[in-house]
file entry_8.csv (CSV, C-alpha atoms)
chain,number,residue,atom,x,y,z
A,1,MET,CA,71.7,119.4,97.9
A,2,LYS,CA,74.6,120.3,95.7
A,3,LEU,CA,78.1,120.2,97.1
A,4,SER,CA,78.2,124.0,96.8
A,5,ASP,CA,75.7,124.3,99.7
A,6,ILE,CA,78.4,123.3,102.2
A,7,ILE,CA,80.5,126.4,101.9
A,8,GLU,CA,79.5,130.1,101.4
A,9,GLU,CA,81.5,133.2,100.9
A,10,ASN,CA,83.3,135.0,103.8
A,11,GLU,CA,84.5,131.7,105.2
A,12,ILE,CA,88.0,130.5,106.0
A,13,ILE,CA,88.1,126.7,105.5
A,14,THR,CA,90.7,124.2,106.4
A,15,VAL,CA,90.2,120.8,104.9
A,16,VAL,CA,91.7,117.7,106.6
A,17,GLY,CA,91.5,113.9,106.3
A,18,ALA,CA,92.0,111.6,103.3
A,19,GLY,CA,90.1,110.4,100.3
A,20,GLY,CA,89.2,113.6,98.5
A,21,LYS,CA,90.7,116.7,100.1
A,22,THR,CA,92.2,118.1,97.0
A,23,SER,CA,89.2,117.3,94.8
A,24,PHE,CA,86.9,119.0,97.4
A,25,ILE,CA,89.0,122.2,97.5
A,26,ASN,CA,89.3,122.3,93.7
A,27,TYR,CA,85.5,121.9,93.3
A,28,PHE,CA,84.9,125.0,95.5
A,29,ALA,CA,87.7,127.0,93.9
A,30,ASP,CA,86.2,126.4,90.5
A,31,PHE,CA,82.6,127.0,91.6
A,32,TYR,CA,83.4,130.4,93.1
A,33,ARG,CA,86.1,131.5,90.7
A,34,ASP,CA,83.7,133.8,88.7
A,35,LYS,CA,81.9,135.1,91.8
A,36,LEU,CA,84.5,135.7,94.5
A,37,LYS,CA,88.2,136.4,95.2
A,38,VAL,CA,89.3,132.9,96.2
A,39,LEU,CA,92.5,132.1,98.0
A,40,LEU,CA,93.8,128.5,97.6
A,41,THR,CA,96.7,127.6,99.9
A,42,THR,CA,98.1,125.1,102.3
A,43,THR,CA,99.7,124.8,105.7
A,44,THR,CA,101.6,121.8,104.5
A,45,LYS,CA,102.3,120.9,100.8
A,46,ILE,CA,100.1,120.5,97.8
A,47,TYR,CA,100.8,119.7,94.2
A,48,VAL,CA,100.5,122.8,92.0
A,49,PRO,CA,96.9,123.0,91.1
A,50,SER,CA,96.1,122.5,87.4
A,51,ASP,CA,93.8,125.4,87.1
A,52,TYR,CA,94.2,128.9,88.7
A,53,ASP,CA,94.1,132.5,87.8
A,54,ASN,CA,97.0,133.9,89.8
A,55,ILE,CA,99.9,132.5,91.8
A,56,ILE,CA,101.9,134.2,94.5
A,57,LEU,CA,105.1,132.8,95.9
A,58,THR,CA,106.3,134.6,98.9
A,59,ILE,CA,108.7,133.7,101.7
A,60,ASP,CA,108.0,136.6,104.0
A,61,GLY,CA,104.5,137.8,103.0
A,62,THR,CA,105.7,141.0,101.3
A,63,ALA,CA,104.6,142.3,97.9
A,64,ILE,CA,101.1,140.8,98.0
A,65,PRO,CA,99.4,142.6,95.0
A,66,SER,CA,95.9,143.7,94.7
A,67,ILE,CA,93.8,140.6,94.0
A,68,CYS,CA,91.2,140.3,91.2
A,69,HIS,CA,88.4,137.9,91.1
A,70,GLY,CA,89.3,134.3,90.4
A,71,VAL,CA,91.5,131.7,92.2
A,72,THR,CA,94.8,132.8,93.6
A,73,VAL,CA,97.3,130.1,94.7
A,74,CYS,CA,99.7,131.2,97.4
A,75,GLY,CA,102.7,129.5,98.9
A,76,SER,CA,106.3,130.0,100.0
A,77,TYR,CA,107.8,128.3,96.9
A,78,ILE,CA,107.5,125.3,94.6
A,79,ASN,CA,109.7,122.5,95.5
A,80,ASN,CA,111.4,119.8,93.3
A,81,GLU,CA,108.3,117.6,93.6
A,82,ASN,CA,106.2,120.3,91.9
A,83,LYS,CA,104.5,121.0,95.2
A,84,VAL,CA,103.5,124.3,96.6
A,85,VAL,CA,105.1,124.6,100.1
A,86,GLY,CA,102.7,126.3,102.5
A,87,ILE,CA,102.9,129.6,104.3
A,88,ASN,CA,102.8,130.1,108.0
A,89,SER,CA,99.9,131.5,110.0
A,90,SER,CA,101.5,134.9,110.5
A,91,ILE,CA,101.6,135.4,106.7
A,92,LEU,CA,98.1,134.1,106.3
A,93,ASP,CA,97.0,136.6,108.9
A,94,GLU,CA,98.2,139.4,106.7
A,95,ILE,CA,96.4,138.3,103.5
A,96,VAL,CA,93.2,136.5,104.4
A,97,ASP,CA,91.2,139.8,104.5
A,98,LYS,CA,92.0,140.4,100.9
A,99,PHE,CA,89.8,137.4,99.8
A,100,ASP,CA,86.1,136.5,99.9
A,101,LEU,CA,86.8,132.8,100.5
A,102,VAL,CA,89.9,131.1,101.8
A,103,LEU,CA,90.5,127.3,101.1
A,104,ILE,CA,93.3,125.7,102.9
A,105,GLU,CA,94.6,122.1,102.7
A,106,GLY,CA,95.8,121.3,106.1
A,107,ASP,CA,96.7,117.6,105.9
A,108,GLY,CA,98.6,115.1,103.9
A,109,SER,CA,97.8,111.5,103.3
A,110,LYS,CA,100.2,110.3,100.6
A,111,ARG,CA,97.2,109.7,98.4
A,112,LYS,CA,96.0,106.9,100.6
A,113,ARG,CA,92.4,106.6,101.8
A,114,LEU,CA,93.0,106.6,105.5
A,115,LYS,CA,95.8,107.9,107.8
A,116,GLY,CA,97.0,108.3,111.3
A,117,TRP,CA,98.0,111.7,112.5
A,118,ASN,CA,101.4,112.4,114.1
A,119,ASP,CA,102.0,115.1,116.8
A,120,GLY,CA,102.1,118.0,114.3
A,121,GLU,CA,99.1,117.1,112.2
A,122,PRO,CA,96.8,118.3,111.0
A,123,VAL,CA,97.9,121.9,110.6
A,124,VAL,CA,94.7,123.9,111.0
A,125,TYR,CA,94.8,127.6,110.5
A,126,HIS,CA,93.7,129.3,113.8
A,127,LYS,CA,91.2,131.7,112.1
A,128,SER,CA,89.4,128.9,110.3
A,129,THR,CA,85.6,129.3,110.5
A,130,LYS,CA,85.2,125.6,109.6
A,131,THR,CA,87.4,122.6,109.8
A,132,ILE,CA,86.1,120.1,107.2
A,133,GLY,CA,87.1,116.5,107.6
A,134,ILE,CA,86.9,114.3,104.6
A,135,LEU,CA,86.3,110.6,105.1
A,136,ASP,CA,86.3,108.0,102.3
A,137,ILE,CA,83.4,105.6,102.8
A,138,THR,CA,85.0,103.1,100.4
A,139,SER,CA,87.8,102.6,102.9
A,140,PHE,CA,85.3,100.4,104.8
A,141,GLY,CA,86.3,96.8,104.4
A,142,MET,CA,89.7,97.5,102.9
A,143,ASN,CA,92.8,95.7,104.4
A,144,ILE,CA,94.5,97.3,107.3
A,145,ASN,CA,98.1,97.5,105.9
A,146,GLU,CA,100.8,100.0,104.9
A,147,GLU,CA,99.7,99.9,101.3
A,148,ASN,CA,96.3,101.4,102.1
A,149,ILE,CA,96.9,103.5,105.2
A,150,HIS,CA,99.3,106.3,105.8
A,151,ARG,CA,101.1,106.0,109.2
A,152,LEU,CA,99.6,102.7,109.9
A,153,ASP,CA,100.8,102.2,113.5
A,154,ILE,CA,99.3,105.6,114.6
A,155,PHE,CA,96.1,104.8,112.7
A,156,LYS,CA,95.7,101.5,114.7
A,157,LYS,CA,95.9,103.4,118.0
A,158,ILE,CA,93.5,106.2,116.9
A,159,ALA,CA,91.0,103.7,115.3
A,160,SER,CA,91.2,101.3,118.3
A,161,VAL,CA,92.2,98.4,116.1
A,162,ASP,CA,92.5,95.2,118.1
A,163,THR,CA,96.2,94.6,117.6
A,164,TYR,CA,96.1,91.3,119.5
A,165,ASN,CA,93.8,89.7,117.0
A,166,ILE,CA,94.8,91.5,113.9
A,167,SER,CA,95.9,89.5,110.9
A,168,SER,CA,96.9,90.1,107.3
A,169,ASN,CA,93.2,89.7,106.4
A,170,SER,CA,91.9,92.3,109.0
A,171,THR,CA,89.8,95.0,107.4
A,172,VAL,CA,88.5,98.5,108.3
A,173,SER,CA,85.2,98.4,110.3
A,174,LEU,CA,82.6,101.1,110.8
A,175,GLU,CA,83.8,101.1,114.5
A,176,ASN,CA,87.3,102.1,113.2
A,177,LEU,CA,85.9,104.9,111.1
A,178,LYS,CA,83.8,106.2,114.0
A,179,ASN,CA,86.8,106.2,116.2
A,180,ILE,CA,88.8,108.2,113.6
A,181,VAL,CA,86.2,110.9,113.7
A,182,LEU,CA,85.7,111.0,117.5
A,183,ASN,CA,89.2,110.3,118.8
A,184,PRO,CA,90.7,113.6,120.1
A,185,ASN,CA,93.9,112.7,118.2
A,186,GLY,CA,92.0,111.9,115.1
A,187,LEU,CA,90.3,113.7,112.2
A,188,PHE,CA,89.4,116.8,114.1
A,189,LYS,CA,92.5,117.2,116.2
A,190,ASN,CA,93.6,120.9,116.3
A,191,TYR,CA,90.2,122.0,114.8
A,192,SER,CA,89.2,125.6,114.6
A,193,GLY,CA,85.6,126.9,114.1
A,194,LYS,CA,82.7,124.5,113.3
A,195,ARG,CA,83.5,120.9,112.7
A,196,VAL,CA,82.0,119.5,109.5
A,197,LEU,CA,82.3,115.9,108.4
A,198,PHE,CA,81.9,115.1,104.7
A,199,ILE,CA,81.6,111.3,104.0
A,200,ASN,CA,82.8,111.1,100.4
A,201,LYS,CA,82.3,108.5,97.5
A,202,VAL,CA,78.7,107.6,98.5
A,203,GLU,CA,77.9,106.6,95.0
A,204,ASN,CA,75.6,103.6,95.4
A,205,GLU,CA,73.0,102.1,97.7
A,206,LYS,CA,75.6,100.0,99.6
A,207,TYR,CA,77.7,103.0,100.5
A,208,LYS,CA,74.7,105.1,101.3
A,209,ASN,CA,73.5,102.5,103.8
A,210,LEU,CA,77.0,102.3,105.3
A,211,ALA,CA,77.3,106.1,105.6
A,212,ILE,CA,73.9,106.4,107.3
A,213,LYS,CA,74.9,103.7,109.8
A,214,LEU,CA,78.2,105.3,110.5
A,215,ILE,CA,76.6,108.7,111.0
A,216,LYS,CA,74.1,107.2,113.5
A,217,ASN,CA,77.0,105.7,115.4
A,218,ILE,CA,78.8,109.0,115.5
A,219,LYS,CA,75.7,110.9,116.6
A,220,GLU,CA,75.3,108.6,119.6
A,221,TYR,CA,78.4,110.1,121.1
A,222,GLU,CA,78.7,113.6,119.4
A,223,SER,CA,76.0,115.9,118.3
A,224,GLU,CA,78.1,119.0,117.6
A,225,ILE,CA,79.7,117.8,114.4
A,226,GLU,CA,77.7,118.8,111.2
A,227,ILE,CA,77.6,115.8,108.9
A,228,PHE,CA,77.1,115.5,105.2
A,229,TYR,CA,77.4,112.5,102.9
A,230,GLY,CA,77.6,112.4,99.2
A,231,SER,CA,80.1,112.4,96.3
A,232,ILE,CA,82.5,115.1,95.1
A,233,LYS,CA,82.7,113.3,91.7
A,234,GLN,CA,78.9,113.3,91.3
A,235,ASN,CA,78.4,116.8,92.8
A,236,PHE,CA,75.8,116.0,95.4
A,237,CYS,CA,75.5,115.9,99.2
A,238,ILE,CA,72.9,115.2,101.8
A,239,ARG,CA,72.9,116.8,105.3
A,240,TYR,CA,72.0,114.2,107.9

call {"tool": "encode", "arguments": {"input": "entry_8.csv", "output": "structure tokens"}}
result
Amino acid sequence: MKLSDIIEENEIITVVGAGGKTSFINYFADFYRDKLKVLLTTTTKIYVPSDYDNIILTIDGTAIPSICHGVTVCGSYINNENKVVGINSSILDEIVDKFDLVLIEGDGSKRKRLKGWNDGEPVVYHKSTKTIGILDITSFGMNINEENIHRLDIFKKIASVDTYNISSNSTVSLENLKNIVLNPNGLFKNYSGKRVLFINKVENEKYKNLAIKLIKNIKEYESEIEIFYGSIKQNFCIRY
């Protein structure tokens, strides 16, 4: 399958997690830009995308123009970090019907491959038809430390890291990754619509085998999550 098979038109997608959210959203925005009216926005903050057709900055949701085909970026304003600051759900309610596809980044990870979620995260739009969680398979085996993981202390709780035996050499296990997906305070906390897991960066046989093993572990406990593995960079996915 191509990556494009995961999302169709007339969907409202909130993407959460770490290890490829922005690349995932940008892929679909580019794929559909000549076919649909695409809204690209955030409920948190995102760097200003490098490629778009229109940009709307609105504090109160007024003066939304007629939208042409292509990718429209929408936010409240651009801050001094060159980030688009998101719009609240009431404004989204007013504009989503103007678009054929809505892509929302609902999570922040400080560009790290794993994270823990605080009380207000992720921020999933309540009309989302799918909540797509991104999980970076290359995080398996990396050291459990502040350098690699955003909100490390919260991550340890969600992932059920053995804090009594943890050391500077402790690494992320498949059990930790499974717990991130299944914990009610983890990847799909606050989800809306169908839950879809995309295991990213499966770009060699080692990571393919790890992804399949992880999926089997998840499926032992949860059958309702639709799971794909593949690579955004290489534009392929497999539905398990």

call {"tool": "closest_residue", "arguments": {"input": "entry_8.csv", "among": "A:Asn88, A:Thr58, A:Ser4, A:Asn80", "to": "Thr42 (chain A)", "atoms": "all atoms listed in the file"}}
result
A:Asn88

call {"tool": "closest_residue", "arguments": {"input": "entry_8.csv", "among": "A:Gly141, A:Gly133, A:Pro122, A:Gly86", "to": "Tyr207 (chain A)", "atoms": "all atoms listed in the file"}}
result
A:Gly141

call {"tool": "closest_residue", "arguments": {"input": "entry_8.csv", "among": "A:Asp5, A:Asp53, A:Glu205, A:Asp119", "to": "Arg239 (chain A)", "atoms": "only C-alpha atoms"}}
result
A:Asp5

call {"tool": "atom_distance", "arguments": {"input": "entry_8.csv", "atom1": "CA of Ile158 (chain A)", "atom2": "CA of Leu210 (chain A)"}}
result
20.5 Å

call {"tool": "closest_residue", "arguments": {"input": "entry_8.csv", "among": "A:Lys206, A:Lys112, A:Lys83, A:Lys2", "to": "Ile232 (chain A)", "atoms": "all atoms listed in the file"}}
result
A:Lys2

call {"tool": "closest_residue", "arguments": {"input": "entry_8.csv", "among": "A:Ile67, A:Arg195, A:Ile144, A:Ile104", "to": "Asn26 (chain A)", "atoms": "all atoms listed in the file"}}
result
A:Ile104

call {"tool": "atom_distance", "arguments": {"input": "entry_8.csv", "atom1": "CA of Ile180 (chain A)", "atom2": "CA of Glu222 (chain A)"}}
result
12.8 Å

call {"tool": "residues_around", "arguments": {"input": "entry_8.csv", "residues": "Asn169 (chain A)", "least_positions_apart": "3", "cutoff": "10 Å", "atoms": "only C-alpha atoms", "output": "PyMOL selection string"}}
result
chain A and resi 142-145+166

call {"tool": "residues_around", "arguments": {"input": "entry_8.csv", "residues": "Gly19 (chain A)", "least_positions_apart": "3", "cutoff": "12 Å", "atoms": "only C-alpha atoms", "output": "PyMOL selection string"}}
result
chain A and resi 15-16+22-24+107-115+133-140+148-150+198-202+231-233

call {"tool": "atom_distance", "arguments": {"input": "entry_8.csv", "atom1": "CA of Ser160 (chain A)", "atom2": "CA of Asn179 (chain A)"}}
result
6.9 Å

call {"tool": "residues_around", "arguments": {"input": "entry_8.csv", "residues": "Leu101 (chain A)", "least_positions_apart": "5", "cutoff": "9 Å", "atoms": "all atoms listed in the file", "output": "list in words"}}
result
Glu8, Glu9, Asn10, Glu11, Ile12, Ile13, Ala29, Tyr32, Leu36, Lys37, Val38, Leu39, Leu40 and Val96 of chain A

call {"tool": "write_last_selection", "arguments": {"input": "entry_8.csv", "atoms": "C-alpha atoms", "output": "mmCIF file, in the coordinates of the input"}}
result
data_model
loop_
_atom_site.group_PDB
_atom_site.id
_atom_site.type_symbol
_atom_site.label_atom_id
_atom_site.label_comp_id
_atom_site.auth_asym_id
_atom_site.auth_seq_id
_atom_site.Cartn_x
_atom_site.Cartn_y
_atom_site.Cartn_z
ATOM 1 C CA GLU A 8 79.500 130.100 101.400
ATOM 2 C CA GLU A 9 81.500 133.200 100.900
ATOM 3 C CA ASN A 10 83.300 135.000 103.800
ATOM 4 C CA GLU A 11 84.500 131.700 105.200
ATOM 5 C CA ILE A 12 88.000 130.500 106.000
ATOM 6 C CA ILE A 13 88.100 126.700 105.500
ATOM 7 C CA ALA A 29 87.700 127.000 93.900
ATOM 8 C CA TYR A 32 83.400 130.400 93.100
ATOM 9 C CA LEU A 36 84.500 135.700 94.500
ATOM 10 C CA LYS A 37 88.200 136.400 95.200
ATOM 11 C CA VAL A 38 89.300 132.900 96.200
ATOM 12 C CA LEU A 39 92.500 132.100 98.000
ATOM 13 C CA LEU A 40 93.800 128.500 97.600
ATOM 14 C CA VAL A 96 93.200 136.500 104.400
#

call {"tool": "closest_residue", "arguments": {"input": "entry_8.csv", "among": "A:Ile78, A:Ile25, A:Cys237, A:Leu174", "to": "Met1 (chain A)", "atoms": "all atoms listed in the file"}}
result
A:Cys237

call {"tool": "build_atoms", "arguments": {"input": "entry_8.csv", "residues": "region 118-129 of chain A", "atoms": "all heavy atoms", "output": "PDB file, keeping the file's coordinate frame"}}
result
ATOM      1  N   ASN A 118     100.305 112.288 113.153  1.00  0.00           N
ATOM      2  CA  ASN A 118     101.400 112.400 114.100  1.00  0.00           C
ATOM      3  C   ASN A 118     101.214 113.682 114.942  1.00  0.00           C
ATOM      4  O   ASN A 118     100.191 114.374 114.838  1.00  0.00           O
ATOM      5  CB  ASN A 118     102.763 112.414 113.371  1.00  0.00           C
ATOM      6  CG  ASN A 118     102.971 113.638 112.476  1.00  0.00           C
ATOM      7  OD1 ASN A 118     102.315 114.672 112.631  1.00  0.00           O
ATOM      8  ND2 ASN A 118     103.886 113.529 111.532  1.00  0.00           N
ATOM      9  N   ASP A 119     102.198 113.994 115.779  1.00  0.00           N
ATOM     10  CA  ASP A 119     102.000 115.100 116.800  1.00  0.00           C
ATOM     11  C   ASP A 119     101.744 116.424 116.119  1.00  0.00           C
ATOM     12  O   ASP A 119     101.035 117.248 116.689  1.00  0.00           O
ATOM     13  CB  ASP A 119     103.267 115.171 117.650  1.00  0.00           C
ATOM     14  CG  ASP A 119     103.413 113.989 118.584  1.00  0.00           C
ATOM     15  OD1 ASP A 119     102.403 113.281 118.796  1.00  0.00           O
ATOM     16  OD2 ASP A 119     104.530 113.760 119.094  1.00  0.00           O
ATOM     17  N   GLY A 120     102.287 116.681 114.942  1.00  0.00           N
ATOM     18  CA  GLY A 120     102.100 118.000 114.300  1.00  0.00           C
ATOM     19  C   GLY A 120     100.998 118.122 113.339  1.00  0.00           C
ATOM     20  O   GLY A 120     100.881 119.145 112.654  1.00  0.00           O
ATOM     21  N   GLU A 121     100.153 117.110 113.245  1.00  0.00           N
ATOM     22  CA  GLU A 121      99.100 117.100 112.200  1.00  0.00           C
ATOM     23  C   GLU A 121      97.715 117.004 112.885  1.00  0.00           C
ATOM     24  O   GLU A 121      97.591 116.459 113.982  1.00  0.00           O
ATOM     25  CB  GLU A 121      99.252 115.899 111.312  1.00  0.00           C
ATOM     26  CG  GLU A 121     100.501 115.837 110.512  1.00  0.00           C
ATOM     27  CD  GLU A 121     100.549 114.546 109.699  1.00  0.00           C
ATOM     28  OE1 GLU A 121     100.288 113.466 110.268  1.00  0.00           O
ATOM     29  OE2 GLU A 121     100.840 114.636 108.498  1.00  0.00           O
ATOM     30  N   PRO A 122      96.686 117.430 112.141  1.00  0.00           N
ATOM     31  CA  PRO A 122      96.800 118.300 111.000  1.00  0.00           C
ATOM     32  C   PRO A 122      97.119 119.718 111.350  1.00  0.00           C
ATOM     33  O   PRO A 122      97.017 120.090 112.524  1.00  0.00           O
ATOM     34  CB  PRO A 122      95.339 118.215 110.383  1.00  0.00           C
ATOM     35  CG  PRO A 122      94.474 117.942 111.573  1.00  0.00           C
ATOM     36  CD  PRO A 122      95.296 117.090 112.498  1.00  0.00           C
ATOM     37  N   VAL A 123      97.530 120.503 110.377  1.00  0.00           N
ATOM     38  CA  VAL A 123      97.900 121.900 110.600  1.00  0.00           C
ATOM     39  C   VAL A 123      96.729 122.778 110.249  1.00  0.00           C
ATOM     40  O   VAL A 123      96.545 123.130 109.088  1.00  0.00           O
ATOM     41  CB  VAL A 123      99.173 122.280 109.832  1.00  0.00           C
ATOM     42  CG1 VAL A 123      99.639 123.687 110.221  1.00  0.00           C
ATOM     43  CG2 VAL A 123     100.291 121.269 110.064  1.00  0.00           C
ATOM     44  N   VAL A 124      95.913 123.120 111.240  1.00  0.00           N
ATOM     45  CA  VAL A 124      94.700 123.900 111.000  1.00  0.00           C
ATOM     46  C   VAL A 124      94.928 125.350 111.315  1.00  0.00           C
ATOM     47  O   VAL A 124      95.384 125.700 112.410  1.00  0.00           O
ATOM     48  CB  VAL A 124      93.534 123.341 111.885  1.00  0.00           C
ATOM     49  CG1 VAL A 124      92.262 124.150 111.655  1.00  0.00           C
ATOM     50  CG2 VAL A 124      93.290 121.858 111.583  1.00  0.00           C
ATOM     51  N   TYR A 125      94.625 126.184 110.348  1.00  0.00           N
ATOM     52  CA  TYR A 125      94.800 127.600 110.500  1.00  0.00           C
ATOM     53  C   TYR A 125      93.869 128.123 111.636  1.00  0.00           C
ATOM     54  O   TYR A 125      92.682 127.810 111.658  1.00  0.00           O
ATOM     55  CB  TYR A 125      94.497 128.344 109.215  1.00  0.00           C
ATOM     56  CG  TYR A 125      94.592 129.851 109.272  1.00  0.00           C
ATOM     57  CD1 TYR A 125      95.706 130.483 109.805  1.00  0.00           C
ATOM     58  CD2 TYR A 125      93.553 130.644 108.783  1.00  0.00           C
ATOM     59  CE1 TYR A 125      95.798 131.862 109.854  1.00  0.00           C
ATOM     60  CE2 TYR A 125      93.638 132.026 108.821  1.00  0.00           C
ATOM     61  CZ  TYR A 125      94.753 132.635 109.358  1.00  0.00           C
ATOM     62  OH  TYR A 125      94.832 134.004 109.408  1.00  0.00           O
ATOM     63  N   HIS A 126      94.426 128.917 112.553  1.00  0.00           N
ATOM     64  CA  HIS A 126      93.700 129.300 113.800  1.00  0.00           C
ATOM     65  C   HIS A 126      92.497 130.167 113.565  1.00  0.00           C
ATOM     66  O   HIS A 126      91.640 130.263 114.448  1.00  0.00           O
ATOM     67  CB  HIS A 126      94.661 129.901 114.794  1.00  0.00           C
ATOM     68  CG  HIS A 126      95.198 131.239 114.356  1.00  0.00           C
ATOM     69  ND1 HIS A 126      94.701 132.427 114.805  1.00  0.00           N
ATOM     70  CD2 HIS A 126      96.202 131.557 113.487  1.00  0.00           C
ATOM     71  CE1 HIS A 126      95.372 133.436 114.265  1.00  0.00           C
ATOM     72  NE2 HIS A 126      96.277 132.932 113.446  1.00  0.00           N
ATOM     73  N   LYS A 127      92.391 130.817 112.403  1.00  0.00           N
ATOM     74  CA  LYS A 127      91.200 131.700 112.100  1.00  0.00           C
ATOM     75  C   LYS A 127      90.184 130.949 111.263  1.00  0.00           C
ATOM     76  O   LYS A 127      89.227 131.592 110.813  1.00  0.00           O
ATOM     77  CB  LYS A 127      91.669 132.951 111.415  1.00  0.00           C
ATOM     78  CG  LYS A 127      92.410 133.925 112.310  1.00  0.00           C
ATOM     79  CD  LYS A 127      92.680 135.236 111.583  1.00  0.00           C
ATOM     80  CE  LYS A 127      93.395 136.246 112.489  1.00  0.00           C
ATOM     81  NZ  LYS A 127      93.650 137.530 111.779  1.00  0.00           N
ATOM     82  N   SER A 128      90.336 129.656 111.077  1.00  0.00           N
ATOM     83  CA  SER A 128      89.400 128.900 110.300  1.00  0.00           C
ATOM     84  C   SER A 128      87.983 129.008 110.870  1.00  0.00           C
ATOM     85  O   SER A 128      87.807 128.803 112.078  1.00  0.00           O
ATOM     86  CB  SER A 128      89.775 127.445 110.139  1.00  0.00           C
ATOM     87  OG  SER A 128      91.025 127.308 109.508  1.00  0.00           O
ATOM     88  N   THR A 129      87.000 129.304 110.025  1.00  0.00           N
ATOM     89  CA  THR A 129      85.600 129.300 110.500  1.00  0.00           C
ATOM     90  C   THR A 129      85.011 127.921 110.479  1.00  0.00           C
ATOM     91  O   THR A 129      84.062 127.633 111.217  1.00  0.00           O
ATOM     92  CB  THR A 129      84.757 130.246 109.620  1.00  0.00           C
ATOM     93  OG1 THR A 129      84.853 129.824 108.252  1.00  0.00           O
ATOM     94  CG2 THR A 129      85.229 131.687 109.736  1.00  0.00           C
TER      95      THR A 129
END
